[in-house]
Amino acid sequence: MAATSDAATVPGTAADYGVAGDRGRSAGPVVVGPFASVGRLAQTWADPATGTLGRGPLSQTRLFYAVADGPDGRVVRFSTDLADVAGTGSVPWAAAVAAALAGQPVPMPLTPYEGIFQLACGTTLSTPGGRERLTLDEFDLADLADQARRILGRPTDPRELVRRALQHAVDEALAAAGGCGVLGDGGGLGAAALAAVDPARLRRLHVHLDVPVLDRRRGRLPAGAEVVDGTEHWRRACDDYVVDAADAGDPWPPAPELLRSAGDEAVPLLSGAGLVRLLTGVADTPGRLCTGWRQLTMAAPFPTLFGRPWWRAWSPPRGDAPASPYDHAHPPDDAEALLPGGWISPVVAEAGGAVTSAQTASHLLPLVDDTTGAVPGAEALHAVLDILERPPPAPGNRRIDPVLVCAHPVVLGAAVLLARHGRLQVRRRDGHFQAAPLLHDLVPPGRRPGDVTPDERDGLLAAAFVTRRLVTPAQRAALLAQADGSPWIVHDRLHAALTDPMRMLADARALRRLCVAAACHPDLLATGGRS
């Protein structure tokens, strides 16, 4: 990734500057982002002259930073690549490992490593005068809708409104690559909608896997789609643990080597998955705010930036918090032990308690209107922010994220316009989600829908992973030996889950997370993060 500005072109590697802004590089602001005409709303930037790092509310480019004492005072080290900031000696954060083990995301601004943070969407880190302070940028839905109107006009047909917004976002995403790009197509509705908007400039790419059920998608792809076989890459990820996240064995977004094999490594990679969530999905917003999130909204600095213990940034779960499903009161032979992940001990819930704020609505969501009880467009906004605020890849993970066209301000503004006029709704039929007719109307007739949802696909990959990694008694015994004595694992329950083939398949997602945690953080898994 390259960060560009009018003053200079700077590689996306780590850079340092003094907190007072009078040391370090003398170049002007460095702006990073795939969209050119939307200002800082969808961009990430660093300005060494003023000592500020910023990330717009809709910025797709993550920015990681750490603060350390240097020979000339406090120095902020930042990069768009976590590996550049973390290095080889970074200490894993126990609560982040516990959260991954339990299947919970790590919220912004945390990363898997202590003392290293990623700038949350819509925040700015200011460092003048030798102090660090986080400020929150306001997010105005009315301004977002007005921006869409100025660019798209006032079409009355909602299909035309979305078509124009998608065309504008695709044009900007492809402008820097000579006008061509790759569309990841797995047979889904979002990819079909993007392809229909600009079929001439988007080559369709599908990553094929020889995994039961998933291999059927080959026959459902549109004519002209290029198929790249990612089976061997996926198997190596399963066998060698070359990845450092529980779900990174999935080759989509394609790894650089898969893109190289297709000759597409340097072009933008577009995906329509976010469009489906934006226009047809309802965001799930359970959970509660903890001290760490309140620090963002109150513009207070993090304790670790001043050398105090990291855990002071987080409050323990409140007294009215829901009880953990792995409560000490349940005997080993209780029905709870038979549930997927029933072998995870209460210590995981305790260690991961600090990251429960990841289950709450973003700090950028507007307040609910007291008169109506709802904010038109807020669900669409949260769906986009939830995609943008995914956990960061660990150091060494060089996977390429797709350009999220749904996060373009004009596309999101179009969705807000439709929501304000009651044209963006999710309907249910026979207990299932029915895709909004809007997206169906954007695709050519005769399209064959995908046969596996993203959630089902994740489950199939997890089952295939576990079947490959834990198929022999020796492999299962090795995993049990790694988990033996760990305060995070109830050994007897895990042994019972591994000896029953049906329970192994039912528990595939949690077992995959355990395999990766045991391989990547063996010492932390054995001690539970205690010294």
# chains A, B, ... in the order shown; residues from 1 in each chain; ligands from 1
$ residues_around --residues "Arg218 in chain A" --least-positions-apart "5" --cutoff "10 Å" --atoms "only C-alpha atoms" --output "mmCIF file with all heavy atoms, in the first residue's frame"
data_model
loop_
_atom_site.group_PDB
_atom_site.id
_atom_site.type_symbol
_atom_site.label_atom_id
_atom_site.label_comp_id
_atom_site.auth_asym_id
_atom_site.auth_seq_id
_atom_site.Cartn_x
_atom_site.Cartn_y
_atom_site.Cartn_z
ATOM 1 N N GLY A 186 -18.707 -14.794 -5.925
ATOM 2 C CA GLY A 186 -19.028 -16.124 -5.445
ATOM 3 C C GLY A 186 -20.465 -16.498 -5.726
ATOM 4 O O GLY A 186 -20.993 -17.425 -5.118
ATOM 5 N N GLY A 187 -21.096 -15.784 -6.634
ATOM 6 C CA GLY A 187 -22.486 -16.059 -6.943
ATOM 7 C C GLY A 187 -23.463 -15.261 -6.119
ATOM 8 O O GLY A 187 -24.666 -15.519 -6.184
ATOM 9 N N HIS A 206 -13.293 -15.844 -9.147
ATOM 10 C CA HIS A 206 -13.859 -16.727 -8.129
ATOM 11 C C HIS A 206 -12.760 -17.648 -7.607
ATOM 12 O O HIS A 206 -12.024 -18.256 -8.397
ATOM 13 C CB HIS A 206 -14.996 -17.568 -8.710
ATOM 14 C CG HIS A 206 -15.551 -18.578 -7.745
ATOM 15 N ND1 HIS A 206 -16.350 -18.218 -6.682
ATOM 16 C CD2 HIS A 206 -15.396 -19.917 -7.662
ATOM 17 C CE1 HIS A 206 -16.686 -19.301 -6.001
ATOM 18 N NE2 HIS A 206 -16.117 -20.341 -6.574
ATOM 19 N N VAL A 207 -12.612 -17.729 -6.295
ATOM 20 C CA VAL A 207 -11.643 -18.635 -5.681
ATOM 21 C C VAL A 207 -12.353 -19.949 -5.378
ATOM 22 O O VAL A 207 -13.285 -19.996 -4.575
ATOM 23 C CB VAL A 207 -11.048 -18.030 -4.399
ATOM 24 C CG1 VAL A 207 -10.077 -19.022 -3.762
ATOM 25 C CG2 VAL A 207 -10.331 -16.725 -4.709
ATOM 26 N N HIS A 208 -11.910 -21.006 -6.031
ATOM 27 C CA HIS A 208 -12.539 -22.321 -5.892
ATOM 28 C C HIS A 208 -11.846 -23.116 -4.796
ATOM 29 O O HIS A 208 -10.622 -23.102 -4.658
ATOM 30 C CB HIS A 208 -12.447 -23.079 -7.218
ATOM 31 C CG HIS A 208 -12.832 -24.519 -7.105
ATOM 32 N ND1 HIS A 208 -14.137 -24.925 -6.924
ATOM 33 C CD2 HIS A 208 -12.086 -25.646 -7.110
ATOM 34 C CE1 HIS A 208 -14.177 -26.248 -6.850
ATOM 35 N NE2 HIS A 208 -12.945 -26.706 -6.961
ATOM 36 N N LEU A 209 -12.632 -23.834 -4.009
ATOM 37 C CA LEU A 209 -12.110 -24.722 -2.977
ATOM 38 C C LEU A 209 -12.759 -26.091 -3.112
ATOM 39 O O LEU A 209 -13.981 -26.196 -3.270
ATOM 40 C CB LEU A 209 -12.419 -24.185 -1.572
ATOM 41 C CG LEU A 209 -11.649 -22.962 -1.093
ATOM 42 C CD1 LEU A 209 -12.072 -22.601 0.316
ATOM 43 C CD2 LEU A 209 -10.158 -23.207 -1.146
ATOM 44 N N ALA A 225 -16.542 -15.752 -15.943
ATOM 45 C CA ALA A 225 -15.869 -15.627 -14.643
ATOM 46 C C ALA A 225 -14.600 -16.470 -14.641
ATOM 47 O O ALA A 225 -14.588 -17.610 -15.103
ATOM 48 C CB ALA A 225 -16.797 -16.069 -13.526
ATOM 49 N N VAL A 227 -11.835 -18.592 -12.734
ATOM 50 C CA VAL A 227 -11.786 -19.418 -11.532
ATOM 51 C C VAL A 227 -10.330 -19.677 -11.173
ATOM 52 O O VAL A 227 -9.543 -20.160 -11.996
ATOM 53 C CB VAL A 227 -12.533 -20.752 -11.732
ATOM 54 C CG1 VAL A 227 -12.433 -21.610 -10.477
ATOM 55 C CG2 VAL A 227 -13.995 -20.491 -12.082
#
$ residues_around --residues "range 192-203 of chain A" --least-positions-apart "3" --cutoff "7 Å" --atoms "only C-alpha atoms" --output "number ranges by chain"
A: 163, 166-167, 179-183, 188-189, 272, 439, 442-444
$ residues_around --residues "Asp146 in chain A" --least-positions-apart "3" --cutoff "12 Å" --atoms "only C-alpha atoms" --output "VMD selection string"
chain A and resid 140 to 143 149 to 154 409 to 417
$ atom_distance --atom1 "CA of Gly224 in chain A" --atom2 "CA of Asp171 in chain A"
21.6 Å
$ atom_distance --atom1 "CA of Gln43 in chain A" --atom2 "CA of Gly122 in chain A"
9.9 Å
$ select_by_dssp --residues "range 19-191 of chain A" --states "alpha helix (DSSP H)" --output "PyMOL selection string"
chain A and resi 82-86+94-102+141-152+158-175+189-191
$ residues_around --residues "range 348-352 of chain A" --least-positions-apart "3" --cutoff "6 Å" --atoms "only C-alpha atoms" --output "list of chain:residue names"
A:Ala95, A:Ala98, A:Ala99, A:Ser345, A:Val355, A:Trp488
$ residues_around --residues "range 85-92 of chain A" --least-positions-apart "5" --cutoff "12 Å" --atoms "only C-alpha atoms" --output "JSON, numbers by chain"
{"A": [12, 13, 14, 15, 16, 63, 64, 65, 66, 67, 68, 76, 77, 78, 79, 80, 97, 98, 110, 111, 112, 113, 114, 115, 116, 117, 118, 244, 393, 394, 395, 396, 517, 520, 521, 522, 523, 524, 525, 528, 529, 530]}
$ closest_residue --among "A:Leu221, A:Val347, A:Cys406, A:Leu511" --to "Val384 in chain A" --atoms "only C-alpha atoms"
A:Cys406
$ residues_around --residues "Arg468 in chain A" --least-positions-apart "3" --cutoff "9 Å" --atoms "only C-alpha atoms" --output "list in words"
Arg235, Cys238, Asp239, Ala463, Ala464, Phe465, Val471 and Thr472 of chain A
$ write_last_selection --atoms "C-alpha atoms" --output "compact mmCIF listing (two decimals), in the first residue's frame"
# COMPACT_ATOMS: atom_id res chain seq x y z
CA ARG A 235 -4.56 -26.55 2.82
CA CYS A 238 -4.49 -25.27 7.65
CA ASP A 239 -1.34 -27.37 7.92
CA ALA A 463 -15.73 -28.29 9.47
CA ALA A 464 -13.25 -28.96 6.66
CA PHE A 465 -10.43 -27.41 8.73
CA VAL A 471 -8.63 -36.50 11.83
CA THR A 472 -6.06 -38.80 13.47
$ closest_residue --among "A:Ile344, A:Val106, A:Ala120, A:Ile400" --to "Gly56 in chain A" --atoms "only C-alpha atoms"
A:Ala120
$ residues_around --residues "Ala419 in chain A" --least-positions-apart "3" --cutoff "6 Å" --atoms "only C-alpha atoms" --output "ChimeraX atom specification"
/A:376-377,416,422-424
$ write_last_selection --atoms "N, CA, C and O atoms" --output "compact mmCIF listing (two decimals), in the first residue's frame"
# COMPACT_ATOMS: atom_id res chain seq x y z
N PRO A 376 -33.69 7.17 10.71
CA PRO A 376 -33.65 6.60 9.36
C PRO A 376 -32.22 6.50 8.86
O PRO A 376 -31.47 7.47 8.87
N GLY A 377 -31.84 5.32 8.45
CA GLY A 377 -30.50 5.12 7.93
C GLY A 377 -29.50 4.66 8.95
O GLY A 377 -28.38 4.29 8.59
N VAL A 416 -29.08 6.13 2.92
CA VAL A 416 -29.75 6.96 3.92
C VAL A 416 -30.95 7.67 3.31
O VAL A 416 -32.02 7.78 3.92
N GLY A 422 -38.50 5.61 3.59
CA GLY A 422 -39.13 4.31 3.80
C GLY A 422 -38.96 3.34 2.66
O GLY A 422 -39.75 2.39 2.53
N ARG A 423 -37.90 3.52 1.84
CA ARG A 423 -37.71 2.65 0.68
C ARG A 423 -36.64 1.59 0.93
O ARG A 423 -36.29 0.86 0.00
N LEU A 424 -36.10 1.52 2.13
CA LEU A 424 -35.07 0.54 2.43
C LEU A 424 -35.52 -0.28 3.64
O LEU A 424 -35.32 0.12 4.78
$ closest_residue --among "A:Ser59, A:Thr467, A:Thr127, A:Thr527" --to "Pro212 in chain A" --atoms "only C-alpha atoms"
A:Thr467
$ decode --residues "range 135-146 of chain A" --atoms "all heavy atoms" --output "PDB file, in the first residue's frame"
ATOM      1  N   THR A 135      -9.639  12.647  19.988  1.00  0.00           N
ATOM      2  CA  THR A 135     -10.834  13.450  19.765  1.00  0.00           C
ATOM      3  C   THR A 135     -11.778  12.683  18.855  1.00  0.00           C
ATOM      4  O   THR A 135     -11.351  11.877  18.022  1.00  0.00           O
ATOM      5  CB  THR A 135     -10.482  14.794  19.115  1.00  0.00           C
ATOM      6  OG1 THR A 135      -9.807  14.549  17.873  1.00  0.00           O
ATOM      7  CG2 THR A 135      -9.572  15.606  20.013  1.00  0.00           C
ATOM      8  N   LEU A 136     -13.060  12.918  19.013  1.00  0.00           N
ATOM      9  CA  LEU A 136     -14.079  12.220  18.250  1.00  0.00           C
ATOM     10  C   LEU A 136     -14.652  13.139  17.186  1.00  0.00           C
ATOM     11  O   LEU A 136     -15.059  14.260  17.479  1.00  0.00           O
ATOM     12  CB  LEU A 136     -15.209  11.747  19.184  1.00  0.00           C
ATOM     13  CG  LEU A 136     -16.368  11.029  18.501  1.00  0.00           C
ATOM     14  CD1 LEU A 136     -15.920   9.654  18.031  1.00  0.00           C
ATOM     15  CD2 LEU A 136     -17.537  10.877  19.461  1.00  0.00           C
ATOM     16  N   ASP A 137     -14.660  12.684  15.962  1.00  0.00           N
ATOM     17  CA  ASP A 137     -15.268  13.440  14.874  1.00  0.00           C
ATOM     18  C   ASP A 137     -16.764  13.141  14.819  1.00  0.00           C
ATOM     19  O   ASP A 137     -17.181  11.991  14.912  1.00  0.00           O
ATOM     20  CB  ASP A 137     -14.631  13.069  13.536  1.00  0.00           C
ATOM     21  CG  ASP A 137     -13.178  13.491  13.459  1.00  0.00           C
ATOM     22  OD1 ASP A 137     -12.803  14.374  14.249  1.00  0.00           O
ATOM     23  OD2 ASP A 137     -12.437  12.933  12.647  1.00  0.00           O
ATOM     24  N   GLU A 138     -17.554  14.191  14.659  1.00  0.00           N
ATOM     25  CA  GLU A 138     -19.000  14.009  14.566  1.00  0.00           C
ATOM     26  C   GLU A 138     -19.363  13.393  13.215  1.00  0.00           C
ATOM     27  O   GLU A 138     -18.704  13.606  12.206  1.00  0.00           O
ATOM     28  CB  GLU A 138     -19.710  15.356  14.721  1.00  0.00           C
ATOM     29  CG  GLU A 138     -19.542  15.982  16.083  1.00  0.00           C
ATOM     30  CD  GLU A 138     -20.235  15.194  17.175  1.00  0.00           C
ATOM     31  OE1 GLU A 138     -21.209  14.487  16.850  1.00  0.00           O
ATOM     32  OE2 GLU A 138     -19.803  15.264  18.335  1.00  0.00           O
ATOM     33  N   PHE A 139     -20.441  12.635  13.224  1.00  0.00           N
ATOM     34  CA  PHE A 139     -20.937  12.024  11.996  1.00  0.00           C
ATOM     35  C   PHE A 139     -22.350  12.543  11.768  1.00  0.00           C
ATOM     36  O   PHE A 139     -23.242  12.293  12.565  1.00  0.00           O
ATOM     37  CB  PHE A 139     -20.949  10.497  12.118  1.00  0.00           C
ATOM     38  CG  PHE A 139     -21.043   9.809  10.805  1.00  0.00           C
ATOM     39  CD1 PHE A 139     -19.928   9.295  10.177  1.00  0.00           C
ATOM     40  CD2 PHE A 139     -22.262   9.684  10.168  1.00  0.00           C
ATOM     41  CE1 PHE A 139     -20.013   8.658   8.956  1.00  0.00           C
ATOM     42  CE2 PHE A 139     -22.363   9.055   8.945  1.00  0.00           C
ATOM     43  CZ  PHE A 139     -21.233   8.542   8.330  1.00  0.00           C
ATOM     44  N   ASP A 140     -22.542  13.267  10.675  1.00  0.00           N
ATOM     45  CA  ASP A 140     -23.814  13.928  10.408  1.00  0.00           C
ATOM     46  C   ASP A 140     -24.523  13.198   9.269  1.00  0.00           C
ATOM     47  O   ASP A 140     -24.094  13.247   8.110  1.00  0.00           O
ATOM     48  CB  ASP A 140     -23.559  15.385  10.023  1.00  0.00           C
ATOM     49  CG  ASP A 140     -24.841  16.205   9.976  1.00  0.00           C
ATOM     50  OD1 ASP A 140     -25.921  15.597   9.907  1.00  0.00           O
ATOM     51  OD2 ASP A 140     -24.745  17.448  10.004  1.00  0.00           O
ATOM     52  N   LEU A 141     -25.635  12.531   9.596  1.00  0.00           N
ATOM     53  CA  LEU A 141     -26.382  11.805   8.573  1.00  0.00           C
ATOM     54  C   LEU A 141     -26.978  12.750   7.538  1.00  0.00           C
ATOM     55  O   LEU A 141     -27.044  12.423   6.350  1.00  0.00           O
ATOM     56  CB  LEU A 141     -27.504  10.984   9.221  1.00  0.00           C
ATOM     57  CG  LEU A 141     -27.124   9.592   9.729  1.00  0.00           C
ATOM     58  CD1 LEU A 141     -28.337   8.907  10.321  1.00  0.00           C
ATOM     59  CD2 LEU A 141     -26.547   8.750   8.624  1.00  0.00           C
ATOM     60  N   ALA A 142     -27.430  13.924   7.989  1.00  0.00           N
ATOM     61  CA  ALA A 142     -28.015  14.880   7.053  1.00  0.00           C
ATOM     62  C   ALA A 142     -26.976  15.341   6.031  1.00  0.00           C
ATOM     63  O   ALA A 142     -27.265  15.451   4.831  1.00  0.00           O
ATOM     64  CB  ALA A 142     -28.588  16.077   7.811  1.00  0.00           C
ATOM     65  N   ASP A 143     -25.754  15.591   6.491  1.00  0.00           N
ATOM     66  CA  ASP A 143     -24.698  16.006   5.581  1.00  0.00           C
ATOM     67  C   ASP A 143     -24.344  14.885   4.607  1.00  0.00           C
ATOM     68  O   ASP A 143     -24.060  15.135   3.429  1.00  0.00           O
ATOM     69  CB  ASP A 143     -23.461  16.428   6.382  1.00  0.00           C
ATOM     70  CG  ASP A 143     -22.322  16.858   5.475  1.00  0.00           C
ATOM     71  OD1 ASP A 143     -22.441  17.912   4.832  1.00  0.00           O
ATOM     72  OD2 ASP A 143     -21.316  16.124   5.398  1.00  0.00           O
ATOM     73  N   LEU A 144     -24.372  13.647   5.104  1.00  0.00           N
ATOM     74  CA  LEU A 144     -24.087  12.498   4.243  1.00  0.00           C
ATOM     75  C   LEU A 144     -25.120  12.402   3.122  1.00  0.00           C
ATOM     76  O   LEU A 144     -24.785  12.195   1.950  1.00  0.00           O
ATOM     77  CB  LEU A 144     -24.078  11.222   5.081  1.00  0.00           C
ATOM     78  CG  LEU A 144     -23.556   9.961   4.405  1.00  0.00           C
ATOM     79  CD1 LEU A 144     -22.063  10.075   4.163  1.00  0.00           C
ATOM     80  CD2 LEU A 144     -23.845   8.748   5.276  1.00  0.00           C
ATOM     81  N   ALA A 145     -26.408  12.563   3.487  1.00  0.00           N
ATOM     82  CA  ALA A 145     -27.461  12.506   2.477  1.00  0.00           C
ATOM     83  C   ALA A 145     -27.353  13.666   1.496  1.00  0.00           C
ATOM     84  O   ALA A 145     -27.554  13.491   0.285  1.00  0.00           O
ATOM     85  CB  ALA A 145     -28.832  12.512   3.160  1.00  0.00           C
ATOM     86  N   ASP A 146     -27.007  14.853   1.980  1.00  0.00           N
ATOM     87  CA  ASP A 146     -26.863  16.001   1.094  1.00  0.00           C
ATOM     88  C   ASP A 146     -25.711  15.809   0.104  1.00  0.00           C
ATOM     89  O   ASP A 146     -25.802  16.209  -1.060  1.00  0.00           O
ATOM     90  CB  ASP A 146     -26.629  17.271   1.916  1.00  0.00           C
ATOM     91  CG  ASP A 146     -27.876  17.709   2.659  1.00  0.00           C
ATOM     92  OD1 ASP A 146     -28.985  17.267   2.265  1.00  0.00           O
ATOM     93  OD2 ASP A 146     -27.757  18.484   3.633  1.00  0.00           O
TER      94      ASP A 146
END
